[in-house]
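Q: Data: start-v9.cif, mmCIF, C-alpha atoms and all ligand atoms.
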data_structure
#
loop_
_atom_site.group_PDB
_atom_site.id
_atom_site.type_symbol
_atom_site.label_atom_id
_atom_site.label_comp_id
_atom_site.auth_asym_id
_atom_site.auth_seq_id
_atom_site.Cartn_x
_atom_site.Cartn_y
_atom_site.Cartn_z
ATOM 1 C CA MET A 1 88.343 91.475 85.654
ATOM 2 C CA GLY A 2 86.647 94.863 85.776
ATOM 3 C CA ILE A 3 88.003 98.348 86.224
ATOM 4 C CA GLU A 4 91.241 98.406 88.220
ATOM 5 C CA ARG A 5 93.762 100.958 89.372
ATOM 6 C CA THR A 6 97.492 100.523 89.050
ATOM 7 C CA PHE A 7 100.495 102.584 90.022
ATOM 8 C CA SER A 8 103.050 103.818 87.486
ATOM 9 C CA ILE A 9 106.346 105.677 87.655
ATOM 10 C CA ILE A 10 108.180 107.262 84.744
ATOM 11 C CA LYS A 11 111.720 106.831 86.084
ATOM 12 C CA PRO A 12 114.533 109.429 85.942
ATOM 13 C CA ASP A 13 115.851 108.022 82.635
ATOM 14 C CA GLY A 14 112.409 108.408 81.027
ATOM 15 C CA VAL A 15 112.125 112.014 82.207
ATOM 16 C CA GLU A 16 115.676 112.730 81.013
ATOM 17 C CA LYS A 17 115.033 111.132 77.601
ATOM 18 C CA GLY A 18 112.027 113.461 77.160
ATOM 19 C CA VAL A 19 109.425 110.731 76.782
ATOM 20 C CA ILE A 20 106.916 111.735 79.485
ATOM 21 C CA GLY A 21 104.315 112.646 76.856
ATOM 22 C CA THR A 22 105.021 109.603 74.689
ATOM 23 C CA VAL A 23 104.728 107.218 77.630
ATOM 24 C CA ILE A 24 101.458 108.771 78.809
ATOM 25 C CA SER A 25 100.116 108.637 75.200
ATOM 26 C CA ARG A 26 100.839 104.929 75.077
ATOM 27 C CA PHE A 27 98.970 104.382 78.324
ATOM 28 C CA GLU A 28 95.993 106.391 77.083
ATOM 29 C CA ALA A 29 95.971 104.562 73.739
ATOM 30 C CA ALA A 30 95.808 101.289 75.695
ATOM 31 C CA GLY A 31 92.806 102.498 77.715
ATOM 32 C CA LEU A 32 94.803 103.361 80.840
ATOM 33 C CA LYS A 33 93.564 106.734 82.030
ATOM 34 C CA PRO A 34 95.701 108.821 84.366
ATOM 35 C CA ILE A 35 93.537 109.758 87.345
ATOM 36 C CA ALA A 36 96.359 111.294 89.430
ATOM 37 C CA ILE A 37 99.761 112.620 88.326
ATOM 38 C CA LYS A 38 102.707 114.351 89.986
ATOM 39 C CA LEU A 39 106.256 115.193 89.001
ATOM 40 C CA LYS A 40 108.761 115.154 91.836
ATOM 41 C CA ARG A 41 112.229 114.177 92.907
ATOM 42 C CA LEU A 42 112.095 111.324 95.428
ATOM 43 C CA SER A 43 113.988 111.615 98.693
ATOM 44 C CA GLN A 44 116.266 108.777 99.794
ATOM 45 C CA ALA A 45 113.695 107.784 102.456
ATOM 46 C CA GLU A 46 110.813 107.784 99.956
ATOM 47 C CA ALA A 47 112.708 105.598 97.479
ATOM 48 C CA GLU A 48 113.923 103.197 100.188
ATOM 49 C CA GLY A 49 110.403 102.873 101.579
ATOM 50 C CA PHE A 50 108.841 102.365 98.165
ATOM 51 C CA TYR A 51 111.284 99.597 97.245
ATOM 52 C CA ALA A 52 111.450 98.092 100.778
ATOM 53 C CA VAL A 53 110.495 94.635 99.430
ATOM 54 C CA HIS A 54 113.811 94.624 97.547
ATOM 55 C CA LYS A 55 116.012 95.747 100.455
ATOM 56 C CA GLU A 56 117.897 92.442 100.697
ATOM 57 C CA ARG A 57 118.552 92.306 96.944
ATOM 58 C CA PRO A 58 122.077 93.077 95.705
ATOM 59 C CA PHE A 59 120.800 95.861 93.433
ATOM 60 C CA PHE A 60 118.894 97.745 96.183
ATOM 61 C CA ALA A 61 121.457 100.498 96.873
ATOM 62 C CA ASP A 62 121.963 101.202 93.155
ATOM 63 C CA LEU A 63 118.211 101.176 92.572
ATOM 64 C CA VAL A 64 117.628 103.786 95.305
ATOM 65 C CA LYS A 65 120.535 105.888 94.018
ATOM 66 C CA PHE A 66 119.123 105.827 90.500
ATOM 67 C CA MET A 67 115.534 106.525 91.552
ATOM 68 C CA THR A 68 116.666 109.619 93.486
ATOM 69 C CA SER A 69 119.024 110.836 90.721
ATOM 70 C CA GLY A 70 116.418 113.055 89.048
ATOM 71 C CA PRO A 71 112.701 113.800 88.878
ATOM 72 C CA VAL A 72 110.125 111.079 88.290
ATOM 73 C CA VAL A 73 106.463 111.140 87.256
ATOM 74 C CA LEU A 74 104.146 109.330 89.664
ATOM 75 C CA MET A 75 100.756 108.262 88.340
ATOM 76 C CA VAL A 76 97.629 106.334 89.140
ATOM 77 C CA LEU A 77 96.213 104.676 86.007
ATOM 78 C CA GLU A 78 92.685 103.348 85.790
ATOM 79 C CA GLY A 79 91.085 101.038 83.247
ATOM 80 C CA GLU A 80 89.792 97.583 82.417
ATOM 81 C CA GLY A 81 92.327 95.061 83.757
ATOM 82 C CA ALA A 82 94.730 97.974 84.361
ATOM 83 C CA ILE A 83 97.407 95.996 86.223
ATOM 84 C CA ALA A 84 98.000 93.392 83.502
ATOM 85 C CA LYS A 85 97.434 95.945 80.715
ATOM 86 C CA ASN A 86 100.087 98.255 82.141
ATOM 87 C CA ARG A 87 102.570 95.372 82.366
ATOM 88 C CA GLU A 88 101.845 94.479 78.761
ATOM 89 C CA VAL A 89 102.413 98.050 77.545
ATOM 90 C CA MET A 90 105.640 98.375 79.613
ATOM 91 C CA GLY A 91 107.207 95.078 78.467
ATOM 92 C CA ALA A 92 109.556 92.857 80.491
ATOM 93 C CA THR A 93 111.647 94.375 83.315
ATOM 94 C CA ASP A 94 114.822 93.641 81.371
ATOM 95 C CA PRO A 95 114.555 95.593 78.101
ATOM 96 C CA LYS A 96 116.592 92.911 76.311
ATOM 97 C CA LYS A 97 113.635 90.580 76.961
ATOM 98 C CA ALA A 98 110.887 93.146 76.295
ATOM 99 C CA ALA A 99 108.588 92.532 73.316
ATOM 100 C CA PRO A 100 108.979 94.880 70.322
ATOM 101 C CA GLY A 101 106.785 97.969 70.535
ATOM 102 C CA THR A 102 106.690 98.013 74.335
ATOM 103 C CA ILE A 103 107.858 101.069 76.293
ATOM 104 C CA ARG A 104 110.911 99.290 77.680
ATOM 105 C CA ALA A 105 111.905 97.803 74.313
ATOM 106 C CA ASP A 106 111.693 101.256 72.745
ATOM 107 C CA PHE A 107 113.180 103.506 75.458
ATOM 108 C CA ALA A 108 114.920 101.595 78.271
ATOM 109 C CA THR A 109 118.702 101.499 78.527
ATOM 110 C CA ASP A 110 119.115 98.454 80.789
ATOM 111 C CA ILE A 111 117.366 96.595 83.642
ATOM 112 C CA GLU A 112 117.975 99.512 86.033
ATOM 113 C CA LYS A 113 117.303 102.419 83.688
ATOM 114 C CA ASN A 114 114.162 100.727 82.431
ATOM 115 C CA THR A 115 112.038 103.887 81.988
ATOM 116 C CA VAL A 116 108.915 102.806 83.863
ATOM 117 C CA HIS A 117 107.723 100.995 86.955
ATOM 118 C CA GLY A 118 104.304 99.379 87.238
ATOM 119 C CA SER A 119 102.553 97.468 90.004
ATOM 120 C CA ASP A 120 102.738 93.686 89.600
ATOM 121 C CA ALA A 121 99.525 92.632 91.409
ATOM 122 C CA PRO A 122 96.317 94.063 92.937
ATOM 123 C CA GLU A 123 97.718 94.040 96.478
ATOM 124 C CA THR A 124 100.922 95.852 95.496
ATOM 125 C CA ALA A 125 98.924 98.329 93.391
ATOM 126 C CA LYS A 126 96.884 99.261 96.443
ATOM 127 C CA VAL A 127 99.945 99.705 98.667
ATOM 128 C CA GLU A 128 101.938 101.621 96.025
ATOM 129 C CA ILE A 129 99.068 104.011 95.202
ATOM 130 C CA ALA A 130 98.493 104.744 98.896
ATOM 131 C CA TYR A 131 102.240 105.308 99.412
ATOM 132 C CA PHE A 132 102.199 108.395 97.158
ATOM 133 C CA PHE A 133 98.572 109.419 96.702
ATOM 134 C CA PRO A 134 96.052 110.058 99.462
ATOM 135 C CA GLU A 135 92.541 109.393 98.078
ATOM 136 C CA VAL A 136 91.837 113.145 98.050
ATOM 137 C CA GLU A 137 94.492 113.611 95.305
ATOM 138 C CA ILE A 138 92.804 111.103 92.982
ATOM 139 C CA LEU A 139 90.273 112.411 90.458
ATOM 140 C CA PRO A 140 86.772 111.994 91.891
ATOM 141 C CA TYR A 141 84.387 109.538 90.213
ATOM 142 C CA GLU A 142 82.092 112.280 88.925
ATOM 143 C CA TRP A 143 84.962 113.623 86.787
ATOM 144 C CA ARG A 144 86.502 110.272 85.859
ATOM 145 C CA LYS A 145 83.285 108.944 84.301
ATOM 146 C CA LYS A 146 83.133 111.892 81.852
ATOM 147 C CA ARG A 147 86.237 110.717 79.977
HETATM 148 P P1 LIG B 201 110.821 97.950 89.008
HETATM 149 O O1 LIG B 201 109.591 97.436 88.349
HETATM 150 O O2 LIG B 201 110.857 99.402 89.303
HETATM 151 O O3 LIG B 201 111.072 97.143 90.375
HETATM 152 C C1 LIG B 201 112.358 96.995 90.934
HETATM 153 C C2 LIG B 201 113.434 97.461 90.025
HETATM 154 O O4 LIG B 201 114.745 97.030 90.326
HETATM 155 C C3 LIG B 201 113.186 96.939 88.649
HETATM 156 O O5 LIG B 201 112.072 97.586 88.079
HETATM 157 C C4 LIG B 201 114.508 97.195 87.967
HETATM 158 O O6 LIG B 201 114.575 98.452 87.334
HETATM 159 C C5 LIG B 201 115.509 97.213 89.131
HETATM 160 N N1 LIG B 201 116.526 96.175 89.005
HETATM 161 C C6 LIG B 201 117.848 96.394 88.921
HETATM 162 N N2 LIG B 201 118.515 95.240 88.817
HETATM 163 C C7 LIG B 201 117.594 94.258 88.830
HETATM 164 C C8 LIG B 201 117.661 92.828 88.743
HETATM 165 N N3 LIG B 201 118.821 92.182 88.635
HETATM 166 N N4 LIG B 201 116.494 92.133 88.782
HETATM 167 C C9 LIG B 201 115.294 92.783 88.903
HETATM 168 N N5 LIG B 201 115.180 94.130 88.990
HETATM 169 C C10 LIG B 201 116.319 94.848 88.941
#
Translate the structure of the given file into structure tokens.
A:
Amino acid sequence: MGIERTFSIIKPDGVEKGVIGTVISRFEAAGLKPIAIKLKRLSQAEAEGFYAVHKERPFFADLVKFMTSGPVVLMVLEGEGAIAKNREVMGATDPKKAAPGTIRADFATDIEKNTVHGSDAPETAKVEIAYFFPEVEILPYEWRKKR
């Protein structure tokens, strides 16, 4: 599989619950290294654009409202098989179905306030990373390899 990059968001409920550090610790413990991080509040346009694939879904308006309701942490994670690994550490989208010990099982409130987002495939990871992080904001290789 090799070293991959994936995109991660700690959603407004995760920031509000005070688990930014805990979530990042879990990623690091799983071998997912943050190589770019920012904390910001998404605009309506940013959230709509990010979730454009869901725009016909009944939950789209609520999703955008929630994702703009408070600050989020945007991250690029890198590691061996990072896309699948991140999904494993997050647990299922619906916290009621998430395996014990996963981030969503431990911290999510419901399917909307589910604490984290993670890319679901290599192609989406690429698009999602580029949506928020120009390459110049990602830690250069010379520094990444030292960790
Ligand atoms: P996320 O991985 O960020 O991608 C889309 C989000 O829509 C998803 O996580 C959920 O938080 C949210 N969502 C809300 N309702 C639903 C639903 N019924 N099915 C799937 N996703 C939902």
Q: On this structure, the PyMOL selection byres (((not hetatm)) within 10 of (chain B and resi 201)) would catch which residues? List them as JSON, numbers by chain, sorted by chain and number.
A: {"A": [8, 9, 10, 11, 50, 51, 52, 53, 54, 57, 58, 59, 60, 61, 62, 63, 64, 66, 67, 87, 90, 92, 93, 94, 95, 108, 110, 111, 112, 113, 114, 115, 116, 117, 118, 119, 120]}
Q: Go ahead and compute the interatomic distance for atom CA of A:Gly21 and atom CA of A:Ile103, in Å to one decimal.
A: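 Interatomic distance here is 12.1 Å.
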Q: If you take all atoms listed in the file and a cut-off of 9 Å, which residues of stretch 65-95 of chain A touch stretch 42-47 of chain A, and what are their nearest atom pairs and distances in Å to one decimal, in chain and number order, as a tab-separated table?
A:
residue	atom	partner	partner_atom	distance
A:Lys65	CA	A:Gln44	CA	7.7
A:Met67	CA	A:Ala47	CA	6.6
A:Thr68	CA	A:Leu42	CA	5.3
A:Ser69	CA	A:Leu42	CA	8.4
A:Gly70	CA	A:Leu42	CA	7.9
A:Pro71	CA	A:Leu42	CA	7.0
A:Val72	CA	A:Leu42	CA	7.4
Q: Measuring atom to atom with all atoms listed in the file, identify which of A:Arg26, A:Ile83, A:Thr102, A:Lys38 is nearest to A:Phe132.
A: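 The shortest atom-to-atom distance to A:Phe132 comes from A:Lys38.
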Q: Go through A:Met75, A:Val19, A:Met1, A:Ala98 and flag the residue nearest A:Ile35, using all atoms listed in the file for the distances.
A: A:Met75
Q: Between atom CA of A:Ile24 and atom CA of A:Val127, what is the spacing in Å?
A: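 Taking atom CA of A:Val127 as the start and atom CA of A:Ile24 as the end point, the length is 21.9 Å.
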Q: Quick one: everything within 8 Å of stretch 133-142 of chain A, counting all atoms listed in the file, minus sequence neighbours fewer than 3 positions away in the same chain. Send it as a ChimeraX atom specification.
A: /A:35-36,76,129-130,145-146
Q: Take the residues from that selection and write them out as a PDB file, in the frame of the given file, keeping C-alpha atoms.
A:
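Saved result, out.pdb, follows:
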ATOM      1  CA  ILE A  35      93.537 109.758  87.345  1.00  0.00           C
ATOM      2  CA  ALA A  36      96.359 111.294  89.430  1.00  0.00           C
ATOM      3  CA  VAL A  76      97.629 106.334  89.140  1.00  0.00           C
ATOM      4  CA  ILE A 129      99.068 104.011  95.202  1.00  0.00           C
ATOM      5  CA  ALA A 130      98.493 104.744  98.896  1.00  0.00           C
ATOM      6  CA  LYS A 145      83.285 108.944  84.301  1.00  0.00           C
ATOM      7  CA  LYS A 146      83.133 111.892  81.852  1.00  0.00           C
TER       8      LYS A 146
END
Q: Mind pulling up the distance from atom CA of A:Gly79 to atom CA of A:Arg144?
A: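 Calculated distance between atom CA of A:Arg144 and atom CA of A:Gly79 is 10.6 Å.
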Q: Using only C-alpha atoms, which of the listed residues (A:Val89, A:Ala121, A:Ile20, A:Leu77) sits closest to A:Thr6?
A: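 Checking each candidate against A:Thr6, we get A:Leu77 as the closest.
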Q: I need the residue nearest A:Val23 from this list: A:Gly101, A:Gly2, A:Pro122, A:Gly49. Use all atoms listed in the file for the distance.
A: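 The closest residue to A:Val23 is A:Gly101.
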Q: Applied to this file, what does the PyMOL selection byres (((chain A and resi 32) around 7) and not hetatm) return in terms of residues, put as a list in words?
A: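 When the PyMOL selection byres (((chain A and resi 32) around 7) and not hetatm) is applied to the shown file, the picked residues are Phe27, Glu28, Ala30, Gly31, Lys33, Pro34, Leu77, Glu78, Gly79 and Ala82 of chain A.
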Q: Taking all atoms listed in the file into account, which of A:Leu74, A:Gly81, A:Ile37, A:Ala125 comes nearest A:Gly14?
A: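 For A:Gly14, the nearest of the given residues is A:Leu74.
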Q: I'd like to know which of A:Trp143, A:Tyr131, A:Pro100, A:Thr22 is closest to A:Glu48, using all atoms listed in the file.
A: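 Comparing A:Trp143, A:Tyr131, A:Pro100, A:Thr22 against A:Glu48, the winner is A:Tyr131.
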Q: Could you pull stretch 15-140 of chain A out of the block above and save it with C-alpha atoms, as an mmCIF file, in the first residue's frame?
A:
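The resulting file, result_21.cif, is shown below:
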data_model
loop_
_atom_site.group_PDB
_atom_site.id
_atom_site.type_symbol
_atom_site.label_atom_id
_atom_site.label_comp_id
_atom_site.auth_asym_id
_atom_site.auth_seq_id
_atom_site.Cartn_x
_atom_site.Cartn_y
_atom_site.Cartn_z
ATOM 1 C CA VAL A 15 -13.520 21.198 19.162
ATOM 2 C CA GLU A 16 -16.343 22.098 21.564
ATOM 3 C CA LYS A 17 -15.912 18.862 23.551
ATOM 4 C CA GLY A 18 -12.216 19.738 24.034
ATOM 5 C CA VAL A 19 -10.821 16.635 22.365
ATOM 6 C CA ILE A 20 -8.498 18.191 19.758
ATOM 7 C CA GLY A 21 -5.424 16.887 21.590
ATOM 8 C CA THR A 22 -6.942 13.474 22.300
ATOM 9 C CA VAL A 23 -7.966 12.977 18.677
ATOM 10 C CA ILE A 24 -4.538 13.991 17.369
ATOM 11 C CA SER A 25 -2.885 11.661 19.954
ATOM 12 C CA ARG A 26 -4.939 8.769 18.649
ATOM 13 C CA PHE A 27 -3.862 9.512 15.095
ATOM 14 C CA GLU A 28 -0.210 9.721 16.122
ATOM 15 C CA ALA A 29 -0.445 6.496 18.139
ATOM 16 C CA ALA A 30 -1.796 4.800 14.999
ATOM 17 C CA GLY A 31 1.145 6.040 12.910
ATOM 18 C CA LEU A 32 -0.767 8.886 11.254
ATOM 19 C CA LYS A 33 1.493 11.922 11.352
ATOM 20 C CA PRO A 34 0.021 15.392 10.944
ATOM 21 C CA ILE A 35 1.966 17.127 8.180
ATOM 22 C CA ALA A 36 -0.309 20.201 7.948
ATOM 23 C CA ILE A 37 -2.775 21.604 10.498
ATOM 24 C CA LYS A 38 -5.033 24.648 10.750
ATOM 25 C CA LEU A 39 -7.834 25.758 13.031
ATOM 26 C CA LYS A 40 -10.516 27.853 11.379
ATOM 27 C CA ARG A 41 -14.203 28.525 11.098
ATOM 28 C CA LEU A 42 -15.497 27.472 7.672
ATOM 29 C CA SER A 43 -17.549 29.897 5.614
ATOM 30 C CA GLN A 44 -20.857 28.756 4.129
ATOM 31 C CA ALA A 45 -19.231 28.649 0.662
ATOM 32 C CA GLU A 46 -16.263 26.596 1.899
ATOM 33 C CA ALA A 47 -18.503 24.033 3.609
ATOM 34 C CA GLU A 48 -20.884 23.800 0.633
ATOM 35 C CA GLY A 49 -17.967 23.330 -1.754
ATOM 36 C CA PHE A 50 -16.280 20.739 0.434
ATOM 37 C CA TYR A 51 -19.447 18.652 0.738
ATOM 38 C CA ALA A 52 -20.636 19.299 -2.859
ATOM 39 C CA VAL A 53 -20.897 15.536 -3.529
ATOM 40 C CA HIS A 54 -23.690 15.425 -0.933
ATOM 41 C CA LYS A 55 -25.662 18.424 -2.231
ATOM 42 C CA GLU A 56 -28.674 16.355 -3.314
ATOM 43 C CA ARG A 57 -28.832 14.474 -0.002
ATOM 44 C CA PRO A 58 -31.604 15.388 2.455
ATOM 45 C CA PHE A 59 -29.078 16.142 5.211
ATOM 46 C CA PHE A 60 -26.979 18.598 3.135
ATOM 47 C CA ALA A 61 -28.371 21.871 4.539
ATOM 48 C CA ASP A 62 -28.076 20.653 8.146
ATOM 49 C CA LEU A 63 -24.574 19.342 7.487
ATOM 50 C CA VAL A 64 -23.410 22.728 6.146
ATOM 51 C CA LYS A 65 -25.103 24.538 9.040
ATOM 52 C CA PHE A 66 -23.370 22.296 11.559
ATOM 53 C CA MET A 67 -19.957 22.464 9.886
ATOM 54 C CA THR A 68 -20.074 26.282 9.954
ATOM 55 C CA SER A 69 -21.406 26.462 13.542
ATOM 56 C CA GLY A 70 -17.956 26.717 15.139
ATOM 57 C CA PRO A 71 -14.248 26.257 14.481
ATOM 58 C CA VAL A 72 -12.845 23.059 13.001
ATOM 59 C CA VAL A 73 -9.333 21.610 12.789
ATOM 60 C CA LEU A 74 -8.216 20.772 9.254
ATOM 61 C CA MET A 75 -5.343 18.325 8.874
ATOM 62 C CA VAL A 76 -3.318 16.346 6.401
ATOM 63 C CA LEU A 77 -2.239 13.003 7.892
ATOM 64 C CA GLU A 78 0.516 10.879 6.420
ATOM 65 C CA GLY A 79 1.439 7.261 7.069
ATOM 66 C CA GLU A 80 1.419 3.679 5.860
ATOM 67 C CA GLY A 81 -2.036 2.986 4.389
ATOM 68 C CA ALA A 82 -3.209 6.303 5.888
ATOM 69 C CA ILE A 83 -6.657 6.362 4.259
ATOM 70 C CA ALA A 84 -7.831 2.989 5.596
ATOM 71 C CA LYS A 85 -5.976 3.476 8.901
ATOM 72 C CA ASN A 86 -7.716 6.793 9.516
ATOM 73 C CA ARG A 87 -11.113 5.216 8.814
ATOM 74 C CA GLU A 88 -10.314 2.433 11.249
ATOM 75 C CA VAL A 89 -9.318 4.861 14.019
ATOM 76 C CA MET A 90 -12.422 7.045 13.393
ATOM 77 C CA GLY A 91 -14.957 4.180 13.390
ATOM 78 C CA ALA A 92 -18.219 4.038 11.417
ATOM 79 C CA THR A 93 -19.928 7.286 10.332
ATOM 80 C CA ASP A 94 -22.858 6.518 12.617
ATOM 81 C CA PRO A 95 -21.442 6.344 16.158
ATOM 82 C CA LYS A 96 -24.090 3.770 17.112
ATOM 83 C CA LYS A 97 -22.354 1.431 14.640
ATOM 84 C CA ALA A 98 -18.775 2.452 15.496
ATOM 85 C CA ALA A 99 -16.511 -0.196 17.046
ATOM 86 C CA PRO A 100 -15.582 0.269 20.727
ATOM 87 C CA GLY A 101 -12.428 2.317 21.237
ATOM 88 C CA THR A 102 -12.825 4.294 18.015
ATOM 89 C CA ILE A 103 -12.992 8.104 18.057
ATOM 90 C CA ARG A 104 -16.645 8.176 17.030
ATOM 91 C CA ALA A 105 -17.678 5.485 19.526
ATOM 92 C CA ASP A 106 -15.965 7.429 22.304
ATOM 93 C CA PHE A 107 -16.829 11.056 21.451
ATOM 94 C CA ALA A 108 -19.519 11.415 18.762
ATOM 95 C CA THR A 109 -23.052 12.465 19.652
ATOM 96 C CA ASP A 110 -24.884 11.265 16.528
ATOM 97 C CA ILE A 111 -24.365 10.769 12.768
ATOM 98 C CA GLU A 112 -24.130 14.541 12.213
ATOM 99 C CA LYS A 113 -22.101 15.517 15.268
ATOM 100 C CA ASN A 114 -19.702 12.662 14.633
ATOM 101 C CA THR A 115 -16.499 14.446 15.751
ATOM 102 C CA VAL A 116 -14.297 13.714 12.742
ATOM 103 C CA HIS A 117 -14.300 13.526 8.970
ATOM 104 C CA GLY A 118 -11.821 11.457 6.982
ATOM 105 C CA SER A 119 -11.308 10.872 3.272
ATOM 106 C CA ASP A 120 -12.861 7.632 2.008
ATOM 107 C CA ALA A 121 -10.557 6.865 -0.960
ATOM 108 C CA PRO A 122 -7.278 7.976 -2.597
ATOM 109 C CA GLU A 123 -9.035 10.159 -5.176
ATOM 110 C CA THR A 124 -11.152 11.970 -2.576
ATOM 111 C CA ALA A 125 -8.104 12.371 -0.316
ATOM 112 C CA LYS A 126 -6.284 14.172 -3.106
ATOM 113 C CA VAL A 127 -9.211 16.490 -3.861
ATOM 114 C CA GLU A 128 -9.960 17.207 -0.181
ATOM 115 C CA ILE A 129 -6.317 17.972 0.693
ATOM 116 C CA ALA A 130 -5.998 20.330 -2.283
ATOM 117 C CA TYR A 131 -9.282 22.042 -1.333
ATOM 118 C CA PHE A 132 -7.776 23.377 1.916
ATOM 119 C CA PHE A 133 -4.005 23.020 1.650
ATOM 120 C CA PRO A 134 -1.819 24.305 -1.169
ATOM 121 C CA GLU A 135 1.325 22.124 -1.357
ATOM 122 C CA VAL A 136 3.399 24.978 0.100
ATOM 123 C CA GLU A 137 1.507 24.636 3.433
ATOM 124 C CA ILE A 138 2.406 20.947 3.781
ATOM 125 C CA LEU A 139 5.552 20.039 5.721
ATOM 126 C CA PRO A 140 8.411 19.520 3.263
#
